[in-house]
Structures are given as C-alpha cells and as structure tokens.
Amino acid sequence: MIDRPIVAEERRTILALGGGGFTMEPDNPALDELLLTLTDVKEPNILFLPTASGDPAGQINAFRARFGGRACVAEHLSLFHLHGSVRTLEEIVLEQDVIYAGGGSMRNLLAIWRAHGLDDLLVEAWRRGVVLAGISAGAMCWFEGGVTRSSGPPEPIEGFGLLPGSLSVHADGEPERLPVWLESVRDGSLPGGWAADDGVALLFRGRQMKGAFSSRPGAAALRTDAVEGELVRRRIEPELLGARPIDPGPPSADVVELRNVQRLRRGRL
Amino acid sequence: MEAGNPLLDDYVLSLMGVDRPRVCFLPTASGDADHYIVRFYRQFATRADASHVSLFRRDREGVESDVAEHLLAQDVIYVGGGNLVSLLGTWRAHGLHSVLRRAWRKGVVLCGPSAGSLCWFAEALTAFHTAPHGVAGLGLLPYSNCVHYDAEPVRREEYRRFVGDGMRPGYAADDGAALHFRGKELVRVVSSRPRARAFRVEPIGNEVVETPLTVEYLGARPLQLAASA
C-alpha cells in the first residue's frame with residue numbers, strides 16, 4: 001500500500017452532486033471550483049472516473065476542458081480502453097487528492113468497480129483523505145442506496161455505504177425519480193436520506209452532512225425520513241455559490257513547472 | 001468487423017443458413033462506444049436483421065423490450081472487443097451470464113473478437129493495469145484462450161508461462177484467425193488474413209507445447225474468382 005496515512009474520520013470528505021458540474025454545466029464552473037477548494041493541496045491531483053457511462057469521449061473532453069486550465073493535475077482512468085499505463089490501479093488511485101465519479105448507469109458502475117477491485121481501493125482512498133466526489137450515479141454510489149434508471153424505469157439500488165442513508169439525484173430535472181425514492185423510503189426498501197436538485201452539492205465530512213451548495217438560484221435539497229410509516233420532509237436551502245466565480249486564468253509559470261515536475265516523477269515525459 | 005475485410009463477418013453470417021439472420025451486437029466491453037455501434041450497423045445492417053443491446057443506456061436507446069427475450073430470439077450474438085473484466089462485471093450485473101448460456105444451448109451462434117472471444121472460455125489471459133493474469137470467463141468452452149497472439153509478443157510468452165503454471169490447456173489465435181466450436185469441440189479454424197495462425201497450447205510432460213492448427217484462409221476462393229474474371 002502506498003504510503004499515505006489514514007486520516008481522522010472528520011477529515012474524510014465526499015461531495016455529492018445531484019446534478020451539475022462539468023458534464024452538465026459547461027458554462028458554470030461553480031461546483032467544480034468548490035470541489036478543488038476541499039483539499040488542502042495547492043495543486044491537487046484530480047482523477048475522473050467515467051465508468052458509469054462506459055468512458056465516453058464527451059465526458060472525458062468536458063472534464064479536460066473544465067480542469068485542464070485550472071490549478072490541478074487532471075487525468076482520467078478508463079476501465080474500457082487500454083491507454084498503455086503501467087501504473088497499477090492502486091498507484092493511480094492513492095496518488096490522487098480528488099477523485100470524481102461521473103454519471104451514468106449506477107448498476108454498471110458498481111459491478112465494474114467491483115470486478116476490478118476498485119471499490120476497495122476507493123474506500124481506502126477515502127480513509128486516507130482523498131476527497132471523493134461525483135454526480136448522479138457517481139454521487140449515489142457512496143451512500144447506502146439510491147434510485148437508478150440503469151434498467152430503464154427508476155428503481156432503488158444499494159450503494160457502497162460509505163455515507164449513511166440514501167441519495168436521490170436530479171430531483172427537479174428528472175421528476176420521475178423522486179416518487180420512487182419517496183415510496184422506497186416510506187416502505188423501508190431505502191433508508192431515509194437526501195434528494196438533491198440539479199446544481200446542488202451536499203458536502204460530507206466523515207459520515208455527517210456539513211453543508212449544501214448550489215450553482216443555481218432556486219435549486220434545493222430535501223431531507224426525508226420515514227417515521228412510523230409517514231414521511232417527514234425538510235427542505236434544505238443550499239448556499240448559492242457566486243453566480244460568476246473567479247476565472248483563474250491561464251496557469252502561472254510556477255504552476256506549469258510544478259505540473260511538469262509531477263509528470264516527470266510519474267515517468268510520463 | 002475488420003476495416004475493409006468482411007471475410008470473418010461473412011463466415012459468421014453463413015453459419016445459420018438463412019437469408020437475413022438476426023444479429024445482435026453487444027458492445028459492452030467497449031462501454032457501448034458509439035463509433036463501434038456505428039461500425040456494426042455499417043457492416044451488418046444491409047445483410048442482416050441487425051440490432052444492438054446497450055447496457056449503459058438502457059433508459060434511452062437500444063432494444064426497448066426485455067433484453068433476455070431479445071437475445072434469445074437471435075441467430076447470432078456478436079460481442080465486441082474491449083475490456084474483459086469490465087465486460088464480465090457488467091454482464092453479471094444485468095443477469096446476462098445465464099441468458100447467454102441459454103442462448104448458446106438454444107443454438108444461437110455466439111461470436112466476437114478479442115474480449116468477445118475470451119469471454120466464452122473457462123479461463124482467459126488478460127492484462128490491464130496489472131501484470132497479465134487469468135480471468136474466469138463464462139466457461140461455455142472448457143479451455144483457456146489467448147487472443148492477439150501475433151500482435152502482442154508478450155502475450156505469447158505469458159500465455160505459455162501460465163499454461164505451464166496450471167492454467168488449463170487451450171487455444172491461441174492471431175489477429176484475423178477465428179476458432180469455430182460446435183458444442184465444446186473445435187471443428188474449424190478460419191481466417192481473414194492469409195498468414196494468420198492459431199495454436200493448441202498444452203503442457204506435455206514438462207514442456208508447454210504449441211501445436212499449430214490448420215487454418216483455412218477464407219479469402220482464397222473469391223480471389224481466384226476475381227483472377228479468372
């Protein structure tokens with residue numbers, strides 16, 4: 001195991017997006033910029049996992065477009081297409097500061113990560129302070145359960161369970177999902193939890209929800225629990241991130257040099 | 001689906017002896033890559049009743065009805081190449097292991113290149129972010145399999161080493177060579193390239209022996225016809 005110490009539980013971080021970010025908001029970097037502030041590292045390594053959609057070029061390009069010019073070292077990991085990497089999955093995962101799981105089929109995501117042993121590595125990464133993030137399927141996977149459309153109609157599905165409770169996504173953008181989630185919470189097939197609109201991110205430190213943020217005015221999250229067979233709902237008002245966050249501009253000479261050194265270290269130049 | 005070379009596809013389509021066979025493409029191992037799906041339809045749409053099943057976009061496209069029912073109604077199921085471990089994981093999550101086994105028993109022709117070949121065997125040699133290692137496939141064929149035998153010299157060495165170390169005996173195929181099994185028996189080896197080879201690889205005594213198999217080049221006949229015209 002690469003030498004990366006285990007951190008205290010309250011320093012383990014997950015940012016779960018109900019929708020939004022670089023794959024859904026090409027003109028609004030607010031949530032992605034928020035993500036980069038969650039690590040203490042000045043020039044974080046950020047890894048994109050486009051597994052849930054089968055590594056499509058569109059998502060990978062959107063990731064590069066969003067993070068390529070920012071103060072970070074961005075790369076993606078494909079589990080479908082060979083790219084001549086000699087690094088093991090463990091080396092790739094544990095040298096990251098941020099790992100971002102894309103949306104798509106949650107059923108496929110879980111199955112493929114398990115088949116490659118990536119699920120255990122991601123849990124290790126979380127325990128060692130790597131910030132985990134994701135949108136849609138890539139957000140729900142960290143919870144005990146979610147609502148997936150992997151087989152067509154929405155249905156409850158079990159997740160990895162790093163975070164307690166369930167998450168439902170696209171609460172405003174895909175309205176057919178919400179009733180299935182509410183009914184699943186009511187009948188106990190899913191534990192109580194959160195539903196997040198597109199543009200809303202929930203921040204967890206350890207297993208506790210510590211904040212809700214939004215890239216769009218009007219978007220919100222919903223906390224729902226079943227109490228004696230009745231649903232108890234509470235609306236969560238997220239903090240609206242700056243409508244037009246600061247453009248970091250092109251990377252400085254220092255940043256470019258640091259990046260080159262990091263690439264050199266990995267034997268890629 | 002080799003660029004500009006339909007010989008193996010023609011061979012597969014001829015196996016059912018029907019005019020317009022039902023052929024379903026499973027591009028799972030590539031993550032349902034769009035360009036691969038387009039290539040499949042370009043190659044097959046005019047000659048077959050072509051369809052595909054997407055396991056990544058089941059909410060949006062591909063076969064609308066029940067996937068199992070659709071697959072069991074095919075003449076040919078064509079599995080695309082890509083990553084074997086991701087392929088098997090995704091299939092398992094959608095219950096396709098048992099569906100494909102049923103299709104095979106029912107007489108549906110199962111075929112595919114690369115990961116689409118490895119998946120049918122009991123064991124397969126694959127390498128992905130790791131040293132080469134054995135992966136258990138669906139096990140319809142009780143052998144091991146190694147593909148791209150000529151294209152990636154390391155594979156050949158590794159496969160021989162694995163078979164020497166206890167991987168079950170099996171078959172290796174160059175790019176362009178196809179192993180045709182009926183039941184569990186290898187009945188023919190055909191190729192789309194004149195020099196493509198295939199081997200039986202097995203331990204005999206203390207040695208791993210590579211026995212070349214007779215390969216029929218499928219292009220021979222059309223070429224002669226062209227010459228006489």
# chains A, B, ... in the order shown; residues from 1 in each chain; ligands from 1
$ interface_residues --of "chain B" --to "chain A" --cutoff "10 Å" --atoms "only C-alpha atoms" --output "ChimeraX atom specification"
/B:28-34,55-61,64,66-67,81-94,127-131
$ select_by_dssp --residues "chain B" --states "strand (DSSP E or B)" --output "ChimeraX atom specification"
/B:2,5,22-26,49-52,76-79,109-111,121-126,133-136,141-146,170-173,177-182,185-191,198-204,207-212,216-217
$ write_last_selection --atoms "C-alpha atoms" --output "short mmCIF file (atom, residue, chain, number, x, y, z; two decimals), in the first residue's frame"
data_model
loop_
_atom_site.label_atom_id
_atom_site.label_comp_id
_atom_site.auth_asym_id
_atom_site.auth_seq_id
_atom_site.Cartn_x
_atom_site.Cartn_y
_atom_site.Cartn_z
CA GLU B 2 -12.06 -5.58 -39.64
CA ASN B 5 -12.25 -7.05 -44.72
CA ARG B 22 -30.99 -11.80 -36.85
CA VAL B 23 -27.71 -10.44 -35.49
CA CYS B 24 -27.49 -8.60 -32.18
CA PHE B 25 -24.38 -6.66 -31.21
CA LEU B 26 -23.28 -6.44 -27.58
CA ASP B 49 -31.69 -8.03 -39.22
CA ALA B 50 -29.27 -6.03 -37.07
CA SER B 51 -29.82 -4.70 -33.57
CA HIS B 52 -27.73 -3.89 -30.53
CA VAL B 76 -26.14 -14.59 -33.95
CA ILE B 77 -24.96 -12.66 -30.89
CA TYR B 78 -21.86 -10.64 -31.74
CA VAL B 79 -19.83 -9.50 -28.75
CA VAL B 109 -24.25 -18.58 -32.71
CA LEU B 110 -22.06 -16.70 -30.22
CA CYS B 111 -19.07 -14.87 -31.63
CA PHE B 121 -13.88 -19.75 -22.27
CA ALA B 122 -13.33 -21.11 -18.78
CA GLU B 123 -10.14 -19.10 -18.45
CA ALA B 124 -8.66 -16.22 -20.34
CA LEU B 125 -5.40 -14.34 -20.25
CA THR B 126 -5.83 -10.61 -19.87
CA HIS B 133 -3.34 -12.72 -15.25
CA GLY B 134 -6.04 -15.33 -15.67
CA VAL B 135 -9.69 -14.37 -15.58
CA ALA B 136 -12.59 -16.81 -15.42
CA LEU B 141 -15.82 -23.78 -23.57
CA PRO B 142 -13.75 -25.75 -21.03
CA TYR B 143 -10.41 -24.37 -22.24
CA SER B 144 -8.26 -21.31 -21.88
CA ASN B 145 -7.95 -18.69 -24.61
CA CYS B 146 -5.40 -16.12 -25.66
CA GLY B 170 -6.43 -24.01 -24.57
CA TYR B 171 -6.26 -22.15 -27.82
CA ALA B 172 -4.38 -19.12 -29.02
CA ALA B 173 -5.34 -17.11 -32.08
CA ALA B 177 -7.91 -16.11 -37.08
CA ALA B 178 -11.23 -17.46 -35.77
CA LEU B 179 -11.80 -20.63 -33.76
CA HIS B 180 -15.10 -22.26 -34.66
CA PHE B 181 -16.53 -24.53 -31.96
CA ARG B 182 -19.58 -26.72 -32.22
CA GLU B 185 -15.42 -29.27 -29.95
CA LEU B 186 -13.18 -27.17 -32.18
CA VAL B 187 -14.37 -28.02 -35.70
CA ARG B 188 -12.62 -25.46 -37.88
CA VAL B 189 -10.18 -22.60 -37.84
CA VAL B 190 -10.75 -19.93 -40.45
CA SER B 191 -9.00 -16.67 -41.17
CA ALA B 198 -3.86 -20.48 -34.36
CA PHE B 199 -2.44 -22.96 -31.89
CA ARG B 200 -3.44 -25.55 -29.38
CA VAL B 201 -1.35 -24.80 -26.28
CA GLU B 202 -0.95 -27.51 -23.66
CA PRO B 203 1.57 -28.96 -21.25
CA ILE B 204 3.05 -32.23 -22.41
CA GLU B 207 7.03 -28.63 -21.57
CA VAL B 208 4.36 -26.33 -22.88
CA VAL B 209 3.75 -27.42 -26.44
CA GLU B 210 2.30 -25.12 -29.08
CA THR B 211 0.69 -27.17 -31.86
CA PRO B 212 -0.17 -25.21 -35.00
CA GLU B 216 -8.42 -22.10 -43.80
CA TYR B 217 -7.94 -18.70 -45.36
#
$ atom_distance --atom1 "CA of Pro153 in chain B" --atom2 "CA of Asn206 in chain B"
22.5 Å
$ residues_around --residues "Trp181 in chain A" --least-positions-apart "6" --cutoff "10 Å" --atoms "only C-alpha atoms" --output "MDAnalysis selection string"
chainID A and resid 145:148 154:156 166:169 171 187 189:195 224
$ write_last_selection --atoms "N, CA, C and O atoms" --output "compact mmCIF listing (two decimals), in the first residue's frame"
# COMPACT_ATOMS: atom_id res chain seq x y z
N GLY A 145 -27.75 3.70 -0.44
CA GLY A 145 -28.60 3.36 -1.57
C GLY A 145 -28.98 4.58 -2.36
O GLY A 145 -28.72 5.73 -1.96
N GLY A 146 -29.61 4.34 -3.51
CA GLY A 146 -30.05 5.43 -4.36
C GLY A 146 -31.17 4.94 -5.25
O GLY A 146 -31.72 3.85 -5.05
N VAL A 147 -31.50 5.76 -6.24
CA VAL A 147 -32.54 5.39 -7.20
C VAL A 147 -31.91 5.43 -8.59
O VAL A 147 -31.42 6.48 -9.02
N THR A 148 -31.91 4.29 -9.26
CA THR A 148 -31.22 4.21 -10.54
C THR A 148 -32.20 3.98 -11.68
O THR A 148 -33.28 3.44 -11.48
N PRO A 154 -37.11 3.98 -13.01
CA PRO A 154 -36.37 4.19 -11.77
C PRO A 154 -36.67 3.10 -10.74
O PRO A 154 -37.82 2.69 -10.60
N GLU A 155 -35.64 2.66 -10.04
CA GLU A 155 -35.82 1.64 -9.00
C GLU A 155 -34.73 1.82 -7.95
O GLU A 155 -33.66 2.34 -8.24
N PRO A 156 -35.02 1.37 -6.70
CA PRO A 156 -33.99 1.51 -5.66
C PRO A 156 -32.81 0.58 -5.91
O PRO A 156 -32.97 -0.49 -6.50
N SER A 166 -29.77 7.33 2.13
CA SER A 166 -29.87 7.19 0.67
C SER A 166 -29.77 8.57 0.02
O SER A 166 -29.93 9.60 0.67
N LEU A 167 -29.48 8.56 -1.28
CA LEU A 167 -29.46 9.81 -2.05
C LEU A 167 -30.24 9.60 -3.33
O LEU A 167 -30.08 8.58 -4.01
N SER A 168 -31.10 10.55 -3.64
CA SER A 168 -31.74 10.56 -4.96
C SER A 168 -31.29 11.84 -5.66
O SER A 168 -31.09 12.87 -5.02
N VAL A 169 -31.11 11.74 -6.97
CA VAL A 169 -30.49 12.85 -7.71
C VAL A 169 -31.47 13.44 -8.74
O VAL A 169 -32.57 12.91 -8.94
N ALA A 171 -33.48 15.79 -8.66
CA ALA A 171 -34.83 15.85 -8.10
C ALA A 171 -35.74 16.75 -8.92
O ALA A 171 -36.93 16.48 -9.07
N ASP A 187 -41.52 2.70 2.43
CA ASP A 187 -41.72 1.26 2.70
C ASP A 187 -40.45 0.59 3.23
O ASP A 187 -40.42 -0.62 3.46
N SER A 189 -37.52 0.11 1.84
CA SER A 189 -36.54 -0.52 0.96
C SER A 189 -35.30 0.35 0.79
O SER A 189 -34.25 -0.14 0.38
N LEU A 190 -35.43 1.65 1.09
CA LEU A 190 -34.24 2.51 1.20
C LEU A 190 -34.29 3.22 2.55
O LEU A 190 -35.38 3.57 3.02
N PRO A 191 -33.12 3.48 3.15
CA PRO A 191 -33.13 4.29 4.38
C PRO A 191 -33.43 5.74 4.03
O PRO A 191 -33.30 6.15 2.87
N GLY A 192 -33.83 6.51 5.02
CA GLY A 192 -34.05 7.94 4.80
C GLY A 192 -32.78 8.59 4.27
O GLY A 192 -31.69 8.02 4.35
N GLY A 193 -32.94 9.78 3.72
CA GLY A 193 -31.75 10.43 3.16
C GLY A 193 -32.07 11.73 2.49
O GLY A 193 -32.96 12.46 2.93
N TRP A 194 -31.37 12.00 1.40
CA TRP A 194 -31.45 13.29 0.73
C TRP A 194 -31.86 13.14 -0.73
O TRP A 194 -31.48 12.16 -1.38
N ALA A 195 -32.59 14.10 -1.22
CA ALA A 195 -32.80 14.24 -2.66
C ALA A 195 -32.23 15.59 -3.04
O ALA A 195 -32.49 16.59 -2.37
N THR A 224 -35.46 13.53 3.83
CA THR A 224 -36.70 12.79 4.08
C THR A 224 -36.41 11.55 4.92
O THR A 224 -35.44 10.83 4.67
$ residues_around --residues "Glu25 in chain A" --least-positions-apart "3" --cutoff "10 Å" --atoms "only C-alpha atoms" --output "count of residues only"
14
$ closest_residue --among "A:Pro5, A:Pro26, A:Pro238, A:Gly138" --to "Ala201 in chain A" --atoms "only C-alpha atoms"
A:Pro238
$ atom_distance --atom1 "CA of Ile135 in chain A" --atom2 "CA of Val38 in chain B"
28.1 Å
$ residues_around --residues "Arg186 in chain A" --least-positions-apart "5" --cutoff "8 Å" --atoms "only C-alpha atoms" --output "list in words"
Asp225, Ala226, Gly229, Glu230 and Leu231 of chain A
$ atom_distance --atom1 "CA of Gly159 in chain A" --atom2 "CA of Leu94 in chain A"
21.4 Å
$ residues_around --residues "Val73 in chain A" --least-positions-apart "3" --cutoff "8 Å" --atoms "only C-alpha atoms" --output "VMD selection string"
chain A and resid 43 to 46 67 to 68 259
$ residues_around --residues "Arg12 in chain A" --least-positions-apart "3" --cutoff "6 Å" --atoms "only C-alpha atoms" --output "PDB file with N, CA, C and O atoms, in the first residue's frame"
ATOM      1  N   GLU A   9     -11.699  10.561  11.014  1.00  0.00           N
ATOM      2  CA  GLU A   9     -12.943  10.448  10.265  1.00  0.00           C
ATOM      3  C   GLU A   9     -13.471  11.806   9.789  1.00  0.00           C
ATOM      4  O   GLU A   9     -13.953  11.930   8.656  1.00  0.00           O
ATOM      5  N   TRP A 126     -10.593   7.101   0.484  1.00  0.00           N
ATOM      6  CA  TRP A 126     -11.422   7.947   1.360  1.00  0.00           C
ATOM      7  C   TRP A 126     -10.858   7.940   2.778  1.00  0.00           C
ATOM      8  O   TRP A 126     -10.714   8.988   3.416  1.00  0.00           O
ATOM      9  N   GLY A 129      -7.959  10.209   3.180  1.00  0.00           N
ATOM     10  CA  GLY A 129      -8.113  11.651   2.981  1.00  0.00           C
ATOM     11  C   GLY A 129      -8.262  12.114   1.543  1.00  0.00           C
ATOM     12  O   GLY A 129      -8.276  13.311   1.293  1.00  0.00           O
ATOM     13  N   ARG A 205     -18.425  15.475   5.752  1.00  0.00           N
ATOM     14  CA  ARG A 205     -17.141  15.255   6.428  1.00  0.00           C
ATOM     15  C   ARG A 205     -17.365  14.062   7.334  1.00  0.00           C
ATOM     16  O   ARG A 205     -18.284  14.082   8.159  1.00  0.00           O
ATOM     17  N   GLY A 206     -16.538  13.037   7.166  1.00  0.00           N
ATOM     18  CA  GLY A 206     -16.861  11.792   7.851  1.00  0.00           C
ATOM     19  C   GLY A 206     -18.203  11.321   7.338  1.00  0.00           C
ATOM     20  O   GLY A 206     -18.458  11.350   6.135  1.00  0.00           O
TER      21      GLY A 206
END
$ select_by_dssp --residues "range 138-267 of chain A" --states "helix (DSSP H, G or I)" --output "PyMOL selection string"
chain A and resi 138-140+177-186+253-265
$ write_last_selection --atoms "N, CA, C and O atoms" --output "compact mmCIF listing (two decimals), in the first residue's frame"
# COMPACT_ATOMS: atom_id res chain seq x y z
N GLY A 138 -22.57 8.64 -9.90
CA GLY A 138 -21.27 8.81 -9.25
C GLY A 138 -21.38 9.49 -7.89
O GLY A 138 -20.40 9.58 -7.16
N ALA A 139 -22.55 10.00 -7.55
CA ALA A 139 -22.80 10.58 -6.22
C ALA A 139 -23.53 9.56 -5.35
O ALA A 139 -23.17 9.32 -4.20
N MET A 140 -24.54 8.92 -5.92
CA MET A 140 -25.36 7.97 -5.13
C MET A 140 -24.54 6.77 -4.68
O MET A 140 -24.84 6.15 -3.66
N ARG A 177 -38.04 10.30 -10.85
CA ARG A 177 -37.21 9.61 -9.88
C ARG A 177 -37.71 9.81 -8.44
O ARG A 177 -37.68 8.88 -7.63
N LEU A 178 -38.15 11.03 -8.15
CA LEU A 178 -38.48 11.41 -6.78
C LEU A 178 -39.57 10.53 -6.15
O LEU A 178 -39.41 10.06 -5.02
N PRO A 179 -40.71 10.31 -6.84
CA PRO A 179 -41.75 9.48 -6.21
C PRO A 179 -41.27 8.06 -5.89
O PRO A 179 -41.68 7.49 -4.87
N VAL A 180 -40.41 7.53 -6.73
CA VAL A 180 -39.88 6.18 -6.47
C VAL A 180 -39.02 6.19 -5.21
O VAL A 180 -39.09 5.30 -4.37
N TRP A 181 -38.24 7.26 -5.07
CA TRP A 181 -37.40 7.38 -3.89
C TRP A 181 -38.26 7.52 -2.62
O TRP A 181 -38.04 6.82 -1.63
N LEU A 182 -39.24 8.43 -2.70
CA LEU A 182 -40.09 8.66 -1.52
C LEU A 182 -40.80 7.37 -1.11
O LEU A 182 -40.86 7.02 0.07
N GLU A 183 -41.31 6.63 -2.09
CA GLU A 183 -42.02 5.40 -1.78
C GLU A 183 -41.05 4.36 -1.19
O GLU A 183 -41.39 3.64 -0.25
N SER A 184 -39.83 4.33 -1.71
CA SER A 184 -38.83 3.37 -1.20
C SER A 184 -38.44 3.71 0.23
O SER A 184 -38.19 2.81 1.03
N VAL A 185 -38.37 5.01 0.54
CA VAL A 185 -38.06 5.41 1.92
C VAL A 185 -39.25 5.07 2.82
O VAL A 185 -39.10 4.54 3.92
N ARG A 186 -40.46 5.32 2.30
CA ARG A 186 -41.65 5.04 3.10
C ARG A 186 -41.75 3.54 3.44
O ARG A 186 -41.99 3.17 4.58
N ALA A 253 3.52 30.47 -14.35
CA ALA A 253 4.74 29.74 -14.70
C ALA A 253 5.07 28.71 -13.61
O ALA A 253 5.51 27.60 -13.90
N ASP A 254 4.85 29.09 -12.34
CA ASP A 254 5.12 28.16 -11.23
C ASP A 254 4.28 26.90 -11.36
O ASP A 254 4.74 25.79 -11.15
N VAL A 255 3.01 27.12 -11.67
CA VAL A 255 2.08 26.01 -11.76
C VAL A 255 2.49 25.08 -12.90
O VAL A 255 2.51 23.86 -12.76
N VAL A 256 2.85 25.68 -14.04
CA VAL A 256 3.26 24.88 -15.19
C VAL A 256 4.49 24.05 -14.83
O VAL A 256 4.57 22.85 -15.11
N GLU A 257 5.43 24.68 -14.12
CA GLU A 257 6.65 23.96 -13.76
C GLU A 257 6.34 22.83 -12.80
O GLU A 257 6.81 21.71 -12.96
N LEU A 258 5.50 23.11 -11.82
CA LEU A 258 5.13 22.09 -10.84
C LEU A 258 4.49 20.90 -11.54
O LEU A 258 4.80 19.74 -11.27
N ARG A 259 3.62 21.20 -12.50
CA ARG A 259 2.97 20.13 -13.25
C ARG A 259 3.97 19.26 -13.99
O ARG A 259 3.87 18.05 -14.00
N ASN A 260 4.93 19.94 -14.62
CA ASN A 260 5.93 19.19 -15.37
C ASN A 260 6.74 18.29 -14.45
O ASN A 260 7.05 17.16 -14.79
N VAL A 261 7.07 18.82 -13.27
CA VAL A 261 7.82 18.01 -12.31
C VAL A 261 7.00 16.79 -11.91
O VAL A 261 7.49 15.67 -11.87
N GLN A 262 5.70 17.01 -11.68
CA GLN A 262 4.85 15.90 -11.27
C GLN A 262 4.75 14.85 -12.36
O GLN A 262 4.79 13.67 -12.11
N ARG A 263 4.65 15.33 -13.61
CA ARG A 263 4.56 14.38 -14.72
C ARG A 263 5.87 13.62 -14.86
O ARG A 263 5.89 12.42 -15.09
N LEU A 264 6.95 14.35 -14.68
CA LEU A 264 8.27 13.73 -14.80
C LEU A 264 8.41 12.63 -13.75
O LEU A 264 8.90 11.54 -14.04
N ARG A 265 7.95 12.94 -12.55
CA ARG A 265 8.01 11.96 -11.46
C ARG A 265 7.30 10.68 -11.83
O ARG A 265 7.65 9.60 -11.42
$ closest_residue --among "B:Ala48, B:Leu218, B:Ala196, B:Val108" --to "Val147 in chain B" --atoms "only C-alpha atoms"
B:Ala196
